[in-house]
$ cat work31.pdb   # PDB, C-alpha atoms
ATOM      1  CA  MET A 796      91.452 -32.822  62.746
ATOM      2  CA  SER A 797      90.187 -33.474  66.283
ATOM      3  CA  ARG A 798      87.931 -36.256  65.007
ATOM      4  CA  ILE A 799      90.845 -37.881  63.189
ATOM      5  CA  LEU A 800      93.003 -37.808  66.312
ATOM      6  CA  ILE A 801      90.217 -39.230  68.464
ATOM      7  CA  THR A 802      89.455 -41.951  65.921
ATOM      8  CA  ASN A 803      93.138 -42.907  65.990
ATOM      9  CA  LYS A 804      93.013 -43.418  69.748
ATOM     10  CA  ALA A 805      94.466 -40.111  70.925
ATOM     11  CA  ASP A 806      94.331 -39.722  74.721
ATOM     12  CA  VAL A 807      91.100 -37.753  75.273
ATOM     13  CA  ASN A 808      92.026 -37.084  78.907
ATOM     14  CA  LYS A 809      95.435 -35.566  78.250
ATOM     15  CA  VAL A 810      95.711 -32.047  79.714
ATOM     16  CA  ASN A 811      97.454 -28.858  78.613
ATOM     17  CA  ASN A 812      99.648 -26.601  80.773
ATOM     18  CA  VAL A 813      96.655 -25.242  82.731
ATOM     19  CA  GLY A 814      95.033 -28.622  83.231
ATOM     20  CA  ASP A 815      92.320 -28.298  80.585
ATOM     21  CA  THR A 816      91.218 -31.489  78.875
ATOM     22  CA  ALA A 817      89.970 -31.625  75.287
ATOM     23  CA  LEU A 818      86.417 -31.712  76.645
ATOM     24  CA  MET A 819      86.929 -28.479  78.572
ATOM     25  CA  LEU A 820      88.430 -26.796  75.520
ATOM     26  CA  SER A 821      85.587 -27.980  73.300
ATOM     27  CA  VAL A 822      83.156 -26.192  75.618
ATOM     28  CA  THR A 823      85.005 -22.910  75.999
ATOM     29  CA  LYS A 824      86.576 -22.504  72.574
ATOM     30  CA  TYR A 825      84.158 -24.137  70.195
ATOM     31  CA  GLY A 826      80.847 -24.554  72.013
ATOM     32  CA  SER A 827      80.383 -27.729  70.021
ATOM     33  CA  ALA A 828      77.806 -30.187  71.303
ATOM     34  CA  ASP A 829      78.844 -32.697  68.629
ATOM     35  CA  MET A 830      82.458 -32.525  69.770
ATOM     36  CA  ALA A 831      81.485 -32.845  73.431
ATOM     37  CA  ARG A 832      79.304 -35.842  72.599
ATOM     38  CA  LEU A 833      82.155 -37.515  70.725
ATOM     39  CA  LEU A 834      84.691 -36.874  73.491
ATOM     40  CA  VAL A 835      82.361 -38.237  76.166
ATOM     41  CA  PHE A 836      81.654 -41.296  74.024
ATOM     42  CA  LYS A 837      85.413 -41.873  73.716
ATOM     43  CA  GLY A 838      85.892 -41.790  77.479
ATOM     44  CA  SER A 839      86.571 -38.176  78.383
ATOM     45  CA  LYS A 840      86.138 -37.646  82.139
ATOM     46  CA  VAL A 841      83.121 -35.400  82.697
ATOM     47  CA  ASN A 842      84.134 -34.501  86.266
ATOM     48  CA  ALA A 843      87.807 -33.744  85.629
ATOM     49  CA  LYS A 844      89.104 -30.459  87.087
ATOM     50  CA  ASN A 845      91.712 -28.113  85.682
ATOM     51  CA  ASN A 846      94.310 -26.239  87.737
ATOM     52  CA  GLU A 847      91.752 -23.587  88.726
ATOM     53  CA  GLY A 848      89.192 -26.160  89.825
ATOM     54  CA  TYR A 849      86.869 -25.838  86.842
ATOM     55  CA  THR A 850      84.969 -28.866  85.536
ATOM     56  CA  PRO A 851      83.549 -29.169  82.003
ATOM     57  CA  LEU A 852      80.058 -28.578  83.420
ATOM     58  CA  MET A 853      81.123 -25.359  85.140
ATOM     59  CA  LYS A 854      82.560 -24.097  81.858
ATOM     60  CA  ALA A 855      79.417 -25.081  79.959
ATOM     61  CA  VAL A 856      77.294 -23.202  82.506
ATOM     62  CA  ASP A 857      79.561 -20.160  82.151
ATOM     63  CA  VAL A 858      78.945 -20.005  78.396
ATOM     64  CA  GLY A 859      75.298 -21.058  78.737
ATOM     65  CA  ASP A 860      75.529 -23.922  76.246
ATOM     66  CA  LEU A 861      72.384 -25.885  77.129
ATOM     67  CA  GLU A 862      72.999 -28.738  74.722
ATOM     68  CA  VAL A 863      76.478 -29.383  76.115
ATOM     69  CA  ILE A 864      75.138 -29.083  79.679
ATOM     70  CA  HIS A 865      72.521 -31.704  78.810
ATOM     71  CA  ILE A 866      75.137 -34.074  77.370
ATOM     72  CA  LEU A 867      77.407 -33.706  80.401
ATOM     73  CA  ILE A 868      74.665 -34.264  82.985
ATOM     74  CA  LEU A 869      73.279 -37.295  81.152
ATOM     75  CA  ASN A 870      76.800 -38.730  81.246
ATOM     76  CA  GLY A 871      77.308 -38.239  84.972
ATOM     77  CA  ALA A 872      78.541 -34.654  85.455
ATOM     78  CA  ASP A 873      78.199 -33.632  89.116
ATOM     79  CA  VAL A 874      75.742 -30.729  89.522
ATOM     80  CA  THR A 875      76.643 -30.448  93.230
ATOM     81  CA  ASP A 876      80.337 -29.774  92.557
ATOM     82  CA  SER A 877      81.668 -26.373  93.600
ATOM     83  CA  LYS A 878      84.517 -23.936  93.010
ATOM     84  CA  GLY A 879      85.404 -21.173  95.436
ATOM     85  CA  GLY A 880      82.381 -21.959  97.564
ATOM     86  CA  GLU A 881      79.950 -21.612  94.650
ATOM     87  CA  THR A 882      78.130 -24.724  93.433
ATOM     88  CA  VAL A 883      77.310 -25.447  89.817
ATOM     89  CA  MET A 884      73.624 -24.865  90.583
ATOM     90  CA  GLU A 885      74.342 -21.488  92.188
ATOM     91  CA  LYS A 886      76.362 -20.505  89.133
ATOM     92  CA  ALA A 887      73.482 -21.608  86.903
ATOM     93  CA  ASN A 888      71.023 -19.627  89.011
ATOM     94  CA  LYS A 889      73.048 -16.453  88.398
ATOM     95  CA  LYS A 890      72.914 -17.204  84.682
ATOM     96  CA  GLY A 891      69.164 -17.787  84.823
ATOM     97  CA  ILE A 892      69.457 -21.379  83.576
ATOM     98  CA  HIS A 893      69.086 -23.342  86.832
ATOM     99  CA  LEU A 894      65.732 -24.809  85.756
ATOM    100  CA  PHE A 895      67.447 -26.427  82.790
ATOM    101  CA  LEU A 896      69.899 -28.157  85.130
ATOM    102  CA  ASN A 897      66.937 -29.393  87.175
ATOM    103  CA  VAL A 898      65.270 -30.754  84.045
ATOM    104  CA  PHE A 899      68.416 -32.475  82.778
ATOM    105  CA  THR A 900      68.994 -33.994  86.225
ATOM    106  CA  ASP A 901      65.409 -35.293  86.233
ATOM    107  CA  CYS A 902      66.048 -36.810  82.801
ATOM    108  CA  LYS A 903      69.108 -38.603  84.172
ATOM    109  CA  ILE A 904      67.667 -39.803  87.491
ATOM    110  CA  LEU A 905      64.041 -40.457  86.507
ATOM    111  CA  LYS A 906      64.876 -41.551  82.944
ATOM    112  CA  GLN A 907      62.379 -39.072  81.504
ATOM    113  CA  PRO A 908      62.427 -37.462  78.042
ATOM    114  CA  THR A 909      63.456 -33.801  78.115
ATOM    115  CA  LEU A 910      60.100 -32.195  77.273
ATOM    116  CA  ILE A 911      58.190 -34.467  79.658
ATOM    117  CA  ALA A 912      60.518 -33.395  82.465
ATOM    118  CA  ALA A 913      60.336 -29.728  81.432
ATOM    119  CA  VAL A 914      56.543 -29.313  81.486
ATOM    120  CA  LYS A 915      56.462 -30.251  85.163
ATOM    121  CA  TYR A 916      58.072 -26.901  86.018
ATOM    122  CA  ARG A 917      55.208 -24.910  84.429
ATOM    123  CA  ASP A 918      57.663 -22.409  82.931
ATOM    124  CA  LEU A 919      56.953 -21.065  79.433
ATOM    125  CA  ASN A 920      60.514 -19.976  78.606
ATOM    126  CA  LEU A 921      61.898 -23.333  79.713
ATOM    127  CA  ILE A 922      59.461 -25.248  77.506
ATOM    128  CA  GLN A 923      59.951 -22.936  74.511
ATOM    129  CA  THR A 924      63.717 -23.375  74.725
ATOM    130  CA  VAL A 925      63.535 -27.173  74.943
ATOM    131  CA  LEU A 926      61.208 -27.244  71.920
ATOM    132  CA  SER A 927      63.573 -25.007  69.955
ATOM    133  CA  TYR A 928      66.813 -26.918  70.527
ATOM    134  CA  GLU A 929      65.669 -30.549  70.668
ATOM    135  CA  ASP A 930      64.128 -31.521  67.346
ATOM    136  CA  GLY A 931      61.115 -33.807  67.492
ATOM    137  CA  CYS A 932      60.740 -33.636  71.274
ATOM    138  CA  ILE A 933      57.005 -32.872  70.940
ATOM    139  CA  ASP A 934      56.613 -36.559  70.026
ATOM    140  CA  GLN A 935      58.160 -37.736  73.290
ATOM    141  CA  ARG A 936      56.034 -39.824  75.641
ATOM    142  CA  SER A 937      56.104 -40.418  79.373
ATOM    143  CA  SER A 938      56.651 -43.898  80.790
ATOM    144  CA  THR A 939      52.852 -44.325  80.756
ATOM    145  CA  GLY A 940      52.512 -43.210  77.142
ATOM    146  CA  GLU A 941      51.285 -39.666  77.731
ATOM    147  CA  THR A 942      52.223 -36.662  75.608
ATOM    148  CA  ALA A 943      53.724 -33.531  77.156
ATOM    149  CA  LEU A 944      50.319 -31.853  76.795
ATOM    150  CA  GLU A 945      48.600 -34.641  78.719
ATOM    151  CA  VAL A 946      51.268 -34.628  81.425
ATOM    152  CA  PHE A 947      50.894 -30.859  81.779
ATOM    153  CA  ILE A 948      47.090 -30.949  82.038
ATOM    154  CA  ASP A 949      47.287 -33.806  84.564
ATOM    155  CA  LEU A 950      49.714 -31.705  86.617
ATOM    156  CA  ILE A 951      47.381 -28.698  86.690
ATOM    157  CA  LEU A 952      44.410 -30.848  87.664
ATOM    158  CA  SER A 953      46.343 -32.666  90.406
ATOM    159  CA  GLU A 954      47.832 -29.531  91.989
ATOM    160  CA  LYS A 955      44.403 -27.830  92.145
ATOM    161  CA  LYS A 956      45.945 -24.349  92.017
ATOM    162  CA  GLY A 957      43.891 -23.170  89.092
ATOM    163  CA  LEU A 958      44.914 -22.188  85.582
ATOM    164  CA  SER A 959      47.298 -19.234  85.262
ATOM    165  CA  PRO A 960      47.720 -17.087  82.118
ATOM    166  CA  GLU A 961      51.162 -18.654  81.627
ATOM    167  CA  ASP A 962      49.626 -22.138  81.891
ATOM    168  CA  LYS A 963      47.269 -21.231  79.038
ATOM    169  CA  GLN A 964      50.176 -20.019  76.932
ATOM    170  CA  ILE A 965      51.998 -23.299  77.543
ATOM    171  CA  ILE A 966      48.926 -25.342  76.602
ATOM    172  CA  ASN A 967      48.424 -23.292  73.431
ATOM    173  CA  LEU A 968      52.092 -23.786  72.516
ATOM    174  CA  LEU A 969      51.953 -27.563  73.051
ATOM    175  CA  ILE A 970      48.718 -27.872  71.039
ATOM    176  CA  LEU A 971      50.261 -25.955  68.128
ATOM    177  CA  GLU A 972      53.463 -28.005  68.273
ATOM    178  CA  GLU A 973      51.537 -31.296  68.287
ATOM    179  CA  TYR A 974      49.302 -30.129  65.441
ATOM    180  CA  ASN A 975      52.250 -28.965  63.326
ATOM    181  CA  SER A 976      54.074 -32.210  64.042
ATOM    182  CA  LYS A 977      51.133 -34.255  62.803
ATOM    183  CA  GLU A 978      50.688 -32.093  59.707
ATOM    184  CA  SER A 979      54.341 -32.492  58.704
ATOM    185  CA  SER A 980      54.338 -36.271  59.215
ATOM    186  CA  THR A 981      54.335 -38.943  56.538
ATOM    187  CA  PRO A 982      51.070 -40.951  56.247
ATOM    188  CA  THR A 983      52.569 -43.823  58.264
ATOM    189  CA  MET A 984      53.763 -41.489  61.006
ATOM    190  CA  LYS A 985      50.387 -39.725  61.035
ATOM    191  CA  ASN A 986      48.604 -42.995  61.719
ATOM    192  CA  HIS A 987      50.947 -43.656  64.634
ATOM    193  CA  ARG A 988      50.582 -40.159  66.072
ATOM    194  CA  ASN A 989      46.804 -40.048  65.616
ATOM    195  CA  ALA A 990      46.563 -43.156  67.778
ATOM    196  CA  LYS A 991      46.984 -40.746  70.690
ATOM    197  CA  LYS A 992      44.149 -38.209  70.526
ATOM    198  CA  PHE A 993      44.281 -34.685  71.869
ATOM    199  CA  PRO A 994      43.185 -34.863  75.558
ATOM    200  CA  LEU A 995      39.821 -33.124  75.094
ATOM    201  CA  VAL A 996      38.099 -34.834  78.032
ATOM    202  CA  LYS A 997      40.895 -33.851  80.411
ATOM    203  CA  ALA A 998      40.920 -30.323  79.017
ATOM    204  CA  VAL A 999      37.201 -29.875  79.689
ATOM    205  CA  GLN A1000      37.926 -30.489  83.372
ATOM    206  CA  LEU A1001      40.090 -27.344  83.381
ATOM    207  CA  GLY A1002      36.921 -25.350  82.759
ATOM    208  CA  ASP A1003      38.457 -23.030  80.177
ATOM    209  CA  VAL A1004      36.559 -22.545  76.921
ATOM    210  CA  ASP A1005      39.594 -21.214  75.029
ATOM    211  CA  ILE A1006      41.552 -24.417  75.587
ATOM    212  CA  VAL A1007      38.629 -26.578  74.490
ATOM    213  CA  LYS A1008      38.245 -24.387  71.376
ATOM    214  CA  TRP A1009      41.967 -24.685  70.551
ATOM    215  CA  LEU A1010      41.795 -28.461  70.849
ATOM    216  CA  CYS A1011      38.714 -28.675  68.629
ATOM    217  CA  ILE A1012      40.392 -26.521  65.971
ATOM    218  CA  ALA A1013      43.430 -28.818  66.146
ATOM    219  CA  GLY A1014      41.222 -31.829  65.464
ATOM    220  CA  ALA A1015      40.400 -33.238  68.905
ATOM    221  CA  GLN A1016      37.518 -35.703  68.897
TER     222      GLN A1016
END
$ encode --input "work31.pdb" --output "structure tokens"
Amino acid sequence: MSRILITNKADVNKVNNVGDTALMLSVTKYGSADMARLLVFKGSKVNAKNNEGYTPLMKAVDVGDLEVIHILILNGADVTDSKGGETVMEKANKKGIHLFLNVFTDCKILKQPTLIAAVKYRDLNLIQTVLSYEDGCIDQRSSTGETALEVFIDLILSEKKGLSPEDKQIINLLILEEYNSKESSTPTMKNHRNAKKFPLVKAVQLGDVDIVKWLCIAGAQ
């Protein structure tokens, strides 16, 4: 029904008696990323406030809907906005999802793919979550054509802080995801993906035999 109304040019910014727009209600009542995406596409104001001072982003942070948060930030939602002296980022920090807001903001400002932005925070849970909710993101490339695995190894080498146990877990995860992605590809897609080899030479510079072994098992040349 909502889609029919929107398609027939219903006012997407009309508010109810407490000042909630359709976008706010889609976040709190339905948790629907598809609905939020449609409403934003049709012109819903991402920084509108209801009578209590809530924005759609604040409501999305409250319910922890990462996909909706991503959509809102990419479409201009203000992460510095506040209610009652508490900023959106502070609210997200209490929820334990502040790193996701950082990643989505990086995607918006730096025009980076989600996974490429995520690996720069060297956080296993963050990377696992991005991989689980954004299909196909393992195939994303940086502006210079690097995979998430290459970006991550470059980061470790450049920071010169050594390789932590969590770093190794992240590398193992990215290797497995890339390998599984290649194995599930069509022949044409495999040829395209194999054009970018596993970064064995860079991995050797990390000085960890396990990582080199994992890459060799995955087919690095």
$ resolve_selection --input "work31.pdb" --expression "the PyMOL selection byres ((chain A and resi 837-839) around 7)" --output "list in words"
Val807, Asn808, Leu818, Leu833, Leu834, Val835, Phe836, Lys840 and Val841 of chain A
$ residues_around --input "work31.pdb" --residues "segment 916-919 of chain A" --least-positions-apart "3" --cutoff "8 Å" --atoms "only C-alpha atoms" --output "PDB file with C-alpha atoms, in the frame of the given file"
ATOM      1  CA  LEU A 894      65.732 -24.809  85.756  1.00  0.00           C
ATOM      2  CA  ALA A 912      60.518 -33.395  82.465  1.00  0.00           C
ATOM      3  CA  ALA A 913      60.336 -29.728  81.432  1.00  0.00           C
ATOM      4  CA  ILE A 922      59.461 -25.248  77.506  1.00  0.00           C
ATOM      5  CA  GLN A 923      59.951 -22.936  74.511  1.00  0.00           C
ATOM      6  CA  PHE A 947      50.894 -30.859  81.779  1.00  0.00           C
ATOM      7  CA  GLU A 961      51.162 -18.654  81.627  1.00  0.00           C
ATOM      8  CA  ASP A 962      49.626 -22.138  81.891  1.00  0.00           C
ATOM      9  CA  GLN A 964      50.176 -20.019  76.932  1.00  0.00           C
ATOM     10  CA  ILE A 965      51.998 -23.299  77.543  1.00  0.00           C
TER      11      ILE A 965
END
$ residues_around --input "work31.pdb" --residues "Asp934 of chain A" --least-positions-apart "2" --cutoff "8 Å" --atoms "all atoms listed in the file" --output "PyMOL selection string"
chain A and resi 931-932+936+942+973+976
$ write_last_selection --input "work31.pdb" --atoms "C-alpha atoms" --output "mmCIF file, keeping the file's coordinate frame"
data_model
loop_
_atom_site.group_PDB
_atom_site.id
_atom_site.type_symbol
_atom_site.label_atom_id
_atom_site.label_comp_id
_atom_site.auth_asym_id
_atom_site.auth_seq_id
_atom_site.Cartn_x
_atom_site.Cartn_y
_atom_site.Cartn_z
ATOM 1 C CA GLY A 931 61.115 -33.807 67.492
ATOM 2 C CA CYS A 932 60.740 -33.636 71.274
ATOM 3 C CA ARG A 936 56.034 -39.824 75.641
ATOM 4 C CA THR A 942 52.223 -36.662 75.608
ATOM 5 C CA GLU A 973 51.537 -31.296 68.287
ATOM 6 C CA SER A 976 54.074 -32.210 64.042
#
$ atom_distance --input "work31.pdb" --atom1 "atom CA of Gly814 of chain A" --atom2 "atom CA of Asn897 of chain A"
28.4 Å
$ residues_near_point --input "work31.pdb" --point "(68.8, -19.4, 83.8)" --cutoff "12 Å" --atoms "only C-alpha atoms" --output "list in words"
Val856, Asp857, Val858, Gly859, Asp860, Leu861, Met884, Glu885, Lys886, Ala887, Asn888, Lys889, Lys890, Gly891, Ile892, His893, Leu894, Phe895, Leu896, Asn897, Val898, Asp918, Asn920, Leu921 and Thr924 of chain A
$ decode --input "work31.pdb" --residues "segment 865-879 of chain A" --atoms "N, CA and C atoms" --output "compact mmCIF listing (two decimals), in the first residue's frame"
# COMPACT_ATOMS: atom_id res chain seq x y z
N HIS A 865 23.09 3.20 6.92
CA HIS A 865 23.95 3.37 5.74
C HIS A 865 23.23 4.19 4.67
N ILE A 866 21.99 3.84 4.39
CA ILE A 866 21.20 4.55 3.37
C ILE A 866 21.06 6.03 3.74
N LEU A 867 20.74 6.30 4.99
CA LEU A 867 20.53 7.68 5.43
C LEU A 867 21.80 8.51 5.33
N ILE A 868 22.92 7.96 5.79
CA ILE A 868 24.18 8.71 5.75
C ILE A 868 24.62 8.96 4.32
N LEU A 869 24.49 7.96 3.45
CA LEU A 869 24.87 8.15 2.05
C LEU A 869 24.02 9.22 1.38
N ASN A 870 22.83 9.45 1.93
CA ASN A 870 21.93 10.46 1.35
C ASN A 870 21.89 11.76 2.14
N GLY A 871 22.93 11.97 2.96
CA GLY A 871 23.11 13.28 3.58
C GLY A 871 22.66 13.44 5.01
N ALA A 872 22.30 12.36 5.71
CA ALA A 872 21.90 12.48 7.12
C ALA A 872 23.05 13.02 7.95
N ASP A 873 22.75 13.92 8.87
CA ASP A 873 23.76 14.63 9.66
C ASP A 873 24.15 13.80 10.90
N VAL A 874 25.38 13.29 10.91
CA VAL A 874 25.84 12.47 12.04
C VAL A 874 26.25 13.33 13.22
N THR A 875 26.32 14.65 13.03
CA THR A 875 26.69 15.55 14.14
C THR A 875 25.47 16.14 14.84
N ASP A 876 24.28 15.82 14.33
CA ASP A 876 23.05 16.34 14.94
C ASP A 876 22.90 15.80 16.36
N SER A 877 22.16 16.53 17.19
CA SER A 877 22.02 16.10 18.59
C SER A 877 20.59 16.31 19.09
N LYS A 878 20.27 15.59 20.16
CA LYS A 878 18.99 15.74 20.85
C LYS A 878 19.26 15.65 22.35
N GLY A 879 18.83 16.66 23.08
CA GLY A 879 19.04 16.65 24.52
C GLY A 879 20.50 16.64 24.92
